[in-house]
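Novice: Below: one structure in structure tokens.
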Amino acid sequence: MENNKIYILFTAVVLIAVASGCTSSQPGDAKLTALTIGVQPSTHQVAEMIAMDKGWWKSDLSKYSIVKVEDKLFPSGPPEMQAMIGKELDFAYVGAAPAISAISKGLDAKIIAAVQTNGSGLVLSNELAQSYTKPEDLIGKKIATFPPGSIQDSVLKHWLKQNSIDPDKDLRIVAMGPGDAITAIEAGRIDGVFLPAPSPAKIELDEKGKIVELSGAMWPEHACCVIVASGDLIREHPDMVKEILRTHIKATNYIYSNTDDAKKICSEKIGLSEEVIQHSLDNWDGGWIVDPHSIADSVLSFAQVQYDLGYIETMPKQEDLFDMQFYDEIA
Amino acid sequence: MKNHMFKKRIEKYKIQALSIFLFLFIWQLIAQYVINDPLLLPSIADIIRAFFKLSANIPIDIGVSLLHLSTGLLFALLVGIPLGALMGWYKNADRFFNPLIEMLRPIPPLAWIPFAIIWFGLSDYSAGFIIFIGALFPILTNTYTGFRNTSNLLVEAAKVLGCKKNKDLIRHVVLPSSFPYILSGIRISIGIGWMCVVAAEMFGLDNYGMDNVGVGNMLWQYYALHMMDRVALYMFILATIGIAIDRILKYIEARLLKWQSHTNIAQI
């Protein structure tokens, strides 16, 4: 019996020691030489793709001993934020809504810049699109969008409520990634999708549906993608954060000055034809931006929507979500 | 004698309960004092609190997931047992179907999701189909093995006694002889089918007319919202239901195969 007690105690001590060992190594302990960026296959985040394609991340950050920069593609914001929780990402291009959700739950990170506004579209099957005139026409229909906690889920539910439609009772909103949602509407298995560009353009070009609403009309000038930097990066490498912002601004300017090249880079990165990217940009209401001040109110409105939907338990303040000092110093 | 057996059983359960209690206790200590971040590892106390918050919805979630499991399993049995029997009894059927089975078997159930959506839409049949794929092969291969392993001695003896038609031989000799294999295949199929529930409910489904329900569906939704205490709670629910199903089936198996108990190796 005494032996058993010793064995149990020993096992407990070993397990605790192993767990402590796993968590005691902080990123700041060693010199940071590699950066990992989170990004999604969307025209929203083309600035990141340009900086990566041109080698700007690596060259601009080399003065801070960075020798390797890689990016990881995620289908939507929630899994991207989950990777950040797991300390897999140093900074991420991601929708403001999943960032709010993750930061409110304790993710050690802050929004340091804006990336883009608007840019999503409600696509209905060809038959429904012909008769669609108002939001009430969606009652009883099945619409796929990104999972709860995403920009698209928040915008769609907010817009429906504004039009006196109960998103839980009057229609069915199903959570899906972009690939599944496109497959489902093209196979005629759902009535519509609400997705970020360029997915709506792809469905239109495949002649399987029509864009009937743009997200800018559903929620004027709503914030969409932002850059979220990890707390470790902000605290231990503030100069690097400023350099990241400079590169982001340079890449954002490049989109406007070299749109054709930007389209080509985006097309190669996300594996869709240039025709789809072109069609997407011709038919979208989005804009690429950098100033985090310009989206602060909109981001807080998203937080309010998430709070009202019960996705977050406390309403965050602006300073809980943003760290604008880096932008202010370089702007 | 009975009293001794009862004491032995209690002793066995005490050790099992201690193992679970110790695991939960160490989890709580690590979560509270070492990790101290509910996003990385929610504590047992967090998970219990989440359970009380969601206790009204949990039975509905379990019910819907069990319905998805039943749909997939029913079709797996309807296809797996006759096909396994056919392949086990007729060599040419084995030669014909074996390459197809070997080709399809390594494909993970998750890989079938795009086709499940296209073929069955966002319906409960889609979830049933994913579970069907996971559950089919254990029952099929076990039925096949049961038929192949039927002793020739039994078949020949039955023939000598006048049981000559294939139908009669299968019904009176091969099927009863394969019964332990088939039952074991069903148990494995249900276990694997239950493991497929999370993947099967990953995308939006009809959920028998109810919104946002199903153990797998809720696990994905809470994951998207970074509510890790709730994710862990649904993982516990999956584990508990999985163990319960396995225990019930083992009990049924032991009752139905009492005649075979003399061949079992006693557990120490």
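Residues in the structure tokens are named by chain (A, B, ... in the order shown) and by number from 1 within that chain; ligands are numbered from 1 in the order shown.
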So which bits of range 28-57 of chain A end up helix (DSSP H, G or I) when you DSSP the backbone, as an NGL selection string?
Specialist: :A and (28-29 or 43-53 or 56-57)
Novice: Write out the residues from the selection above, keeping C-alpha atoms, as a PDB file, in the first residue's frame.
Specialist:
```
ATOM      1  CA  GLY A  28      11.491  35.879 -25.849  1.00  0.00           C
ATOM      2  CA  ASP A  29      14.039  33.610 -24.205  1.00  0.00           C
ATOM      3  CA  THR A  43      -8.424  39.251 -52.008  1.00  0.00           C
ATOM      4  CA  HIS A  44      -8.914  40.978 -48.645  1.00  0.00           C
ATOM      5  CA  GLN A  45      -5.401  40.066 -47.585  1.00  0.00           C
ATOM      6  CA  VAL A  46      -3.513  40.644 -50.823  1.00  0.00           C
ATOM      7  CA  ALA A  47      -1.133  43.069 -49.044  1.00  0.00           C
ATOM      8  CA  GLU A  48       0.402  40.151 -47.136  1.00  0.00           C
ATOM      9  CA  MET A  49       0.691  38.118 -50.334  1.00  0.00           C
ATOM     10  CA  ILE A  50       2.496  40.975 -52.123  1.00  0.00           C
ATOM     11  CA  ALA A  51       4.970  41.489 -49.263  1.00  0.00           C
ATOM     12  CA  MET A  52       5.658  37.753 -49.232  1.00  0.00           C
ATOM     13  CA  ASP A  53       5.931  37.433 -53.015  1.00  0.00           C
ATOM     14  CA  TRP A  56       9.702  42.382 -48.471  1.00  0.00           C
ATOM     15  CA  TRP A  57       8.951  40.705 -45.151  1.00  0.00           C
TER      16      TRP A  57
END
```
Novice: Got a sec to pull out which chain A residues are within 7 Å of chain B, counting only C-alpha atoms, and send them as JSON, numbers by chain?
Specialist: {"A": [12, 16, 20, 23, 78, 79, 101, 102, 105, 106, 147, 148, 149, 174, 175, 176, 180, 184, 187, 189, 311]}
Novice: Kindly save the residues from that selection, with N, CA, C and O atoms included, as a tab-separated table (two decimals), in the first residue's frame.
Specialist:
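Written file, out.tsv:
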```
chain	number	residue	atom	x	y	z
A	12	ALA	N	2.40	11.76	-10.39
A	12	ALA	CA	1.87	13.12	-10.38
A	12	ALA	C	2.98	14.13	-10.56
A	12	ALA	O	2.88	15.06	-11.36
A	16	ILE	N	3.43	16.77	-13.69
A	16	ILE	CA	3.47	18.22	-13.46
A	16	ILE	C	4.79	18.80	-13.98
A	16	ILE	O	4.82	19.84	-14.63
A	20	SER	N	5.20	21.59	-16.80
A	20	SER	CA	5.92	22.84	-16.53
A	20	SER	C	6.99	23.07	-17.58
A	20	SER	O	7.16	24.17	-18.07
A	23	THR	N	5.73	24.49	-20.79
A	23	THR	CA	5.22	25.85	-20.84
A	23	THR	C	6.24	26.89	-20.39
A	23	THR	O	6.00	28.07	-20.51
A	78	PRO	N	-11.57	31.83	-37.38
A	78	PRO	CA	-11.50	31.10	-36.11
A	78	PRO	C	-10.33	30.09	-35.99
A	78	PRO	O	-9.60	30.14	-34.99
A	79	PRO	N	-10.09	29.22	-36.99
A	79	PRO	CA	-8.94	28.33	-36.83
A	79	PRO	C	-7.60	29.08	-36.83
A	79	PRO	O	-6.63	28.64	-36.20
A	101	SER	N	-13.21	37.86	-30.65
A	101	SER	CA	-13.63	36.66	-29.93
A	101	SER	C	-12.44	36.04	-29.18
A	101	SER	O	-12.54	35.70	-28.00
A	102	ALA	N	-11.30	35.92	-29.87
A	102	ALA	CA	-10.12	35.27	-29.26
A	102	ALA	C	-9.51	36.16	-28.17
A	102	ALA	O	-9.17	35.65	-27.09
A	105	LYS	N	-11.37	36.11	-25.03
A	105	LYS	CA	-11.25	34.86	-24.26
A	105	LYS	C	-9.87	34.73	-23.61
A	105	LYS	O	-9.59	33.74	-22.95
A	106	GLY	N	-8.98	35.70	-23.89
A	106	GLY	CA	-7.68	35.66	-23.20
A	106	GLY	C	-6.47	35.56	-24.12
A	106	GLY	O	-5.34	35.44	-23.63
A	147	PRO	N	-18.10	30.24	-39.81
A	147	PRO	CA	-18.58	29.83	-38.49
A	147	PRO	C	-18.91	31.00	-37.57
A	147	PRO	O	-18.47	32.14	-37.81
A	148	PRO	N	-19.69	30.74	-36.51
A	148	PRO	CA	-19.99	31.79	-35.52
A	148	PRO	C	-18.70	32.44	-35.04
A	148	PRO	O	-17.69	31.76	-34.85
A	149	GLY	N	-18.74	33.75	-34.85
A	149	GLY	CA	-17.54	34.44	-34.40
A	149	GLY	C	-16.75	35.02	-35.56
A	149	GLY	O	-15.76	35.72	-35.34
A	174	VAL	N	-26.09	28.06	-41.88
A	174	VAL	CA	-25.22	26.92	-41.59
A	174	VAL	C	-23.75	27.33	-41.70
A	174	VAL	O	-23.37	28.08	-42.59
A	175	ALA	N	-22.97	26.85	-40.74
A	175	ALA	CA	-21.55	27.23	-40.67
A	175	ALA	C	-20.73	26.34	-41.60
A	175	ALA	O	-20.82	25.11	-41.51
A	176	MET	N	-19.97	26.97	-42.48
A	176	MET	CA	-19.13	26.20	-43.42
A	176	MET	C	-17.88	26.99	-43.77
A	176	MET	O	-17.87	28.21	-43.69
A	180	ASP	N	-16.44	24.17	-48.80
A	180	ASP	CA	-17.69	23.43	-48.60
A	180	ASP	C	-18.89	24.25	-49.06
A	180	ASP	O	-19.82	23.72	-49.67
A	184	ALA	N	-21.51	23.32	-51.92
A	184	ALA	CA	-22.93	23.15	-51.58
A	184	ALA	C	-23.84	23.97	-52.49
A	184	ALA	O	-24.85	23.46	-52.97
A	187	ALA	N	-23.79	22.67	-56.09
A	187	ALA	CA	-24.50	21.40	-56.24
A	187	ALA	C	-26.00	21.59	-56.00
A	187	ALA	O	-26.75	20.62	-56.01
A	189	ARG	N	-27.47	22.44	-53.25
A	189	ARG	CA	-27.90	21.90	-51.97
A	189	ARG	C	-28.25	22.96	-50.94
A	189	ARG	O	-28.74	22.66	-49.87
A	311	TYR	N	-21.59	35.40	-27.67
A	311	TYR	CA	-20.32	34.78	-28.06
A	311	TYR	C	-19.19	35.17	-27.10
A	311	TYR	O	-18.21	34.45	-26.96
```
Novice: Any idea what the distance is between CA of Ala201 in chain A and CA of Cys266 in chain A?
Specialist: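 Between CA of Ala201 in chain A and CA of Cys266 in chain A the gap works out to 14.2 Å.
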Novice: Can you pull out every residue within 8 Å of range 154-163 of chain B, counting only C-alpha atoms, but drop anything in the same chain fewer than 5 positions away, and send it as a PyMOL selection string?
Specialist: chain B and resi 168-169+173-174
Novice: Residues of the last selection are to be written out with C-alpha atoms, as an mmCIF file, in the first residue's frame.
Specialist:
```cif
data_model
loop_
_atom_site.group_PDB
_atom_site.id
_atom_site.type_symbol
_atom_site.label_atom_id
_atom_site.label_comp_id
_atom_site.auth_asym_id
_atom_site.auth_seq_id
_atom_site.Cartn_x
_atom_site.Cartn_y
_atom_site.Cartn_z
ATOM 1 C CA ASP B 168 -29.419 -24.164 -45.236
ATOM 2 C CA LEU B 169 -25.699 -24.515 -44.584
ATOM 3 C CA VAL B 173 -24.025 -23.823 -39.596
ATOM 4 C CA VAL B 174 -21.934 -20.932 -40.926
#
```
Novice: Closest to Leu41 in chain B among A:Ile85, A:Thr247, A:Glu313, A:Lys31, using only C-alpha atoms?
Specialist: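 Smallest distance to Leu41 in chain B is found for A:Ile85.
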Novice: Quick one: distance from CA of Ala113 in chain A to CA of Lys202 in chain A in Å, one decimal?
Specialist: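 Computing the Euclidean distance for CA of Ala113 in chain A and CA of Lys202 in chain A yields 28.7 Å.
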Novice: Distance table requested - range 71-148 of chain A against range 221-230 of chain A, cut-off 8 Å, only C-alpha atoms: one row per qualifying residue with the closest atom pair and its distance in Å to one decimal, ordered by chain and rising residue number, as JSON lines.
Specialist:
```
{"residue": "A:Met84", "atom": "CA", "partner": "A:Ser230", "partner_atom": "CA", "distance": 7.6}
{"residue": "A:Leu89", "atom": "CA", "partner": "A:Ser230", "partner_atom": "CA", "distance": 7.7}
{"residue": "A:Asp90", "atom": "CA", "partner": "A:Ser230", "partner_atom": "CA", "distance": 5.5}
{"residue": "A:Phe91", "atom": "CA", "partner": "A:Ala229", "partner_atom": "CA", "distance": 4.2}
{"residue": "A:Ala92", "atom": "CA", "partner": "A:Val228", "partner_atom": "CA", "distance": 5.2}
{"residue": "A:Tyr93", "atom": "CA", "partner": "A:Ile227", "partner_atom": "CA", "distance": 4.7}
{"residue": "A:Val94", "atom": "CA", "partner": "A:Cys225", "partner_atom": "CA", "distance": 5.1}
{"residue": "A:Gly95", "atom": "CA", "partner": "A:Cys225", "partner_atom": "CA", "distance": 4.0}
{"residue": "A:Ala96", "atom": "CA", "partner": "A:Cys225", "partner_atom": "CA", "distance": 5.6}
{"residue": "A:Ala97", "atom": "CA", "partner": "A:Cys224", "partner_atom": "CA", "distance": 7.8}
{"residue": "A:Ala99", "atom": "CA", "partner": "A:Val228", "partner_atom": "CA", "distance": 7.3}
{"residue": "A:Asp108", "atom": "CA", "partner": "A:Ser230", "partner_atom": "CA", "distance": 6.1}
{"residue": "A:Ala109", "atom": "CA", "partner": "A:Ser230", "partner_atom": "CA", "distance": 4.2}
{"residue": "A:Lys110", "atom": "CA", "partner": "A:Val228", "partner_atom": "CA", "distance": 5.4}
{"residue": "A:Ile111", "atom": "CA", "partner": "A:Val228", "partner_atom": "CA", "distance": 4.3}
{"residue": "A:Ile112", "atom": "CA", "partner": "A:Ile227", "partner_atom": "CA", "distance": 5.8}
{"residue": "A:Ala113", "atom": "CA", "partner": "A:Ile227", "partner_atom": "CA", "distance": 5.2}
{"residue": "A:Ala114", "atom": "CA", "partner": "A:Val226", "partner_atom": "CA", "distance": 4.4}
{"residue": "A:Val115", "atom": "CA", "partner": "A:Val226", "partner_atom": "CA", "distance": 4.8}
{"residue": "A:Gln116", "atom": "CA", "partner": "A:Cys225", "partner_atom": "CA", "distance": 5.3}
{"residue": "A:Thr117", "atom": "CA", "partner": "A:Ala223", "partner_atom": "CA", "distance": 4.7}
{"residue": "A:Asn118", "atom": "CA", "partner": "A:His222", "partner_atom": "CA", "distance": 5.5}
{"residue": "A:Gly119", "atom": "CA", "partner": "A:Cys224", "partner_atom": "CA", "distance": 7.7}
```
Novice: Deliver the residues from the most recent selection as a file, using N, CA, C and O atoms, as a CSV table (one decimal), in the first residue's frame.
Specialist:
```csv
chain,number,residue,atom,x,y,z
A,84,MET,N,-3.0,30.9,-33.3
A,84,MET,CA,-2.3,32.0,-32.6
A,84,MET,C,-2.3,31.7,-31.1
A,84,MET,O,-1.4,32.0,-30.4
A,89,LEU,N,1.7,31.4,-34.5
A,89,LEU,CA,1.8,32.6,-35.4
A,89,LEU,C,2.3,33.8,-34.6
A,89,LEU,O,1.9,34.0,-33.4
A,90,ASP,N,3.2,34.6,-35.3
A,90,ASP,CA,3.7,35.8,-34.6
A,90,ASP,C,2.7,37.0,-34.9
A,90,ASP,O,2.5,37.8,-34.0
A,91,PHE,N,2.2,37.0,-36.1
A,91,PHE,CA,1.1,38.0,-36.4
A,91,PHE,C,0.3,37.4,-37.5
A,91,PHE,O,0.7,36.5,-38.2
A,92,ALA,N,-0.9,38.0,-37.6
A,92,ALA,CA,-1.9,37.4,-38.5
A,92,ALA,C,-2.8,38.4,-39.2
A,92,ALA,O,-3.2,39.4,-38.6
A,93,TYR,N,-3.0,38.2,-40.5
A,93,TYR,CA,-4.0,38.9,-41.2
A,93,TYR,C,-5.3,38.1,-41.0
A,93,TYR,O,-5.4,37.0,-41.4
A,94,VAL,N,-6.3,38.8,-40.4
A,94,VAL,CA,-7.5,38.0,-39.9
A,94,VAL,C,-8.7,39.0,-39.8
A,94,VAL,O,-8.5,40.2,-39.7
A,95,GLY,N,-9.9,38.5,-39.9
A,95,GLY,CA,-11.1,39.3,-39.7
A,95,GLY,C,-11.1,39.8,-38.3
A,95,GLY,O,-10.6,39.2,-37.3
A,96,ALA,N,-11.7,41.1,-38.1
A,96,ALA,CA,-11.7,41.7,-36.8
A,96,ALA,C,-12.5,40.8,-35.8
A,96,ALA,O,-12.2,40.8,-34.6
A,97,ALA,N,-13.6,40.2,-36.3
A,97,ALA,CA,-14.5,39.5,-35.4
A,97,ALA,C,-13.9,38.3,-34.7
A,97,ALA,O,-14.0,38.2,-33.5
A,99,ALA,N,-10.8,38.0,-34.2
A,99,ALA,CA,-9.8,38.5,-33.3
A,99,ALA,C,-10.5,39.0,-32.0
A,99,ALA,O,-9.9,38.7,-30.9
A,108,ASP,N,-3.4,36.6,-25.9
A,108,ASP,CA,-2.4,37.7,-25.6
A,108,ASP,C,-2.0,38.3,-26.9
A,108,ASP,O,-1.0,37.8,-27.5
A,109,ALA,N,-2.8,39.2,-27.5
A,109,ALA,CA,-2.5,39.8,-28.8
A,109,ALA,C,-3.3,41.1,-28.9
A,109,ALA,O,-4.3,41.3,-28.1
A,110,LYS,N,-2.9,41.9,-29.8
A,110,LYS,CA,-3.6,43.2,-30.1
A,110,LYS,C,-3.7,43.5,-31.6
A,110,LYS,O,-2.8,43.1,-32.3
A,111,ILE,N,-4.8,44.2,-31.9
A,111,ILE,CA,-4.9,44.7,-33.3
A,111,ILE,C,-4.0,45.9,-33.5
A,111,ILE,O,-4.1,46.8,-32.7
A,112,ILE,N,-3.1,45.8,-34.5
A,112,ILE,CA,-2.1,46.9,-34.6
A,112,ILE,C,-2.3,47.7,-35.9
A,112,ILE,O,-1.8,48.8,-36.1
A,113,ALA,N,-3.1,47.2,-36.9
A,113,ALA,CA,-3.4,47.9,-38.1
A,113,ALA,C,-4.7,47.4,-38.7
A,113,ALA,O,-5.1,46.3,-38.5
A,114,ALA,N,-5.2,48.3,-39.6
A,114,ALA,CA,-6.4,47.9,-40.4
A,114,ALA,C,-5.9,47.3,-41.7
A,114,ALA,O,-4.7,47.6,-42.1
A,115,VAL,N,-6.6,46.4,-42.3
A,115,VAL,CA,-6.2,45.8,-43.6
A,115,VAL,C,-7.2,46.2,-44.7
A,115,VAL,O,-6.8,46.5,-45.8
A,116,GLN,N,-8.5,46.1,-44.3
A,116,GLN,CA,-9.5,46.3,-45.4
A,116,GLN,C,-10.9,46.5,-44.8
A,116,GLN,O,-11.1,46.1,-43.7
A,117,THR,N,-11.8,47.1,-45.6
A,117,THR,CA,-13.2,47.2,-45.2
A,117,THR,C,-14.1,46.5,-46.2
A,117,THR,O,-13.7,46.3,-47.3
A,118,ASN,N,-15.3,46.3,-45.7
A,118,ASN,CA,-16.4,45.6,-46.6
A,118,ASN,C,-15.8,44.4,-47.2
A,118,ASN,O,-15.1,43.6,-46.6
A,119,GLY,N,-16.3,44.1,-48.5
A,119,GLY,CA,-15.7,43.0,-49.3
A,119,GLY,C,-16.3,41.6,-49.2
A,119,GLY,O,-15.6,40.7,-49.7
```
Novice: Quick one: residues within 8 Å of range 317-330 of chain A, only C-alpha atoms, excluding same-chain residues fewer than 5 positions away - as an MDAnalysis selection string?
Specialist: chainID A and resid 100 103 109:113 238 241:242 245:246 291:293 296 300
Novice: In Å to one decimal, how far is CA of Glu253 in chain B from CA of Gly63 in chain B?
Specialist: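 Between these atoms lies a distance of 23.7 Å.
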Novice: So, counting only C-alpha atoms, which residue among B:Leu153, B:Gly128, B:Cys196, B:Leu257 is closest to Ile182 in chain B?
Specialist: B:Leu257
Novice: Tell me which protein, DNA and RNA residues are within 12 Å of Ala135 in chain B, counting only C-alpha atoms, leaving out same-chain ones fewer than 4 positions away, and put them as a PyMOL selection string.
Specialist: chain B and resi 69-81+105+108-109+128-131+139-142+185-197
Novice: May I have the residues within 12 Å of Ser267 in chain A as a VMD selection string, using only C-alpha atoms and disregarding those fewer than 2 positions away in the same chain?
Specialist: chain A and resid 41 to 43 46 49 to 50 53 198 260 to 265 269 to 281
Novice: Go through A:Leu205, A:Met218, A:Met315, A:Ile173 and flag the residue nearest Phe146 in chain A, using only C-alpha atoms for the distances.
Specialist: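 For Phe146 in chain A, the nearest of the given residues is A:Ile173.
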Novice: Which of range 73-236 of chain A end up as strand (DSSP E or B) when DSSP is run on this backbone - answer as a VMD selection string?
Specialist: chain A and resid 73 91 to 95 109 to 114 116 to 117 120 to 125 142 to 145 172 to 175 192 to 196 209 to 214 223 225 to 230
Novice: Using only C-alpha atoms for the distances, tell me which of B:Leu100, B:Ala45, B:Leu238, B:Ala50 is nearest to Met87 in chain B.
Specialist: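 For Met87 in chain B, the nearest of the candidates is B:Leu100.
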Novice: Can you work out which one of A:Thr259, A:Leu309, A:Thr33, A:Thr314 has the shortest atom-to-atom distance to Asp168 in chain A, counting only C-alpha atoms?
Specialist: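 Between A:Thr259, A:Leu309, A:Thr33, A:Thr314, the residue approaching Asp168 in chain A most closely is A:Leu309.
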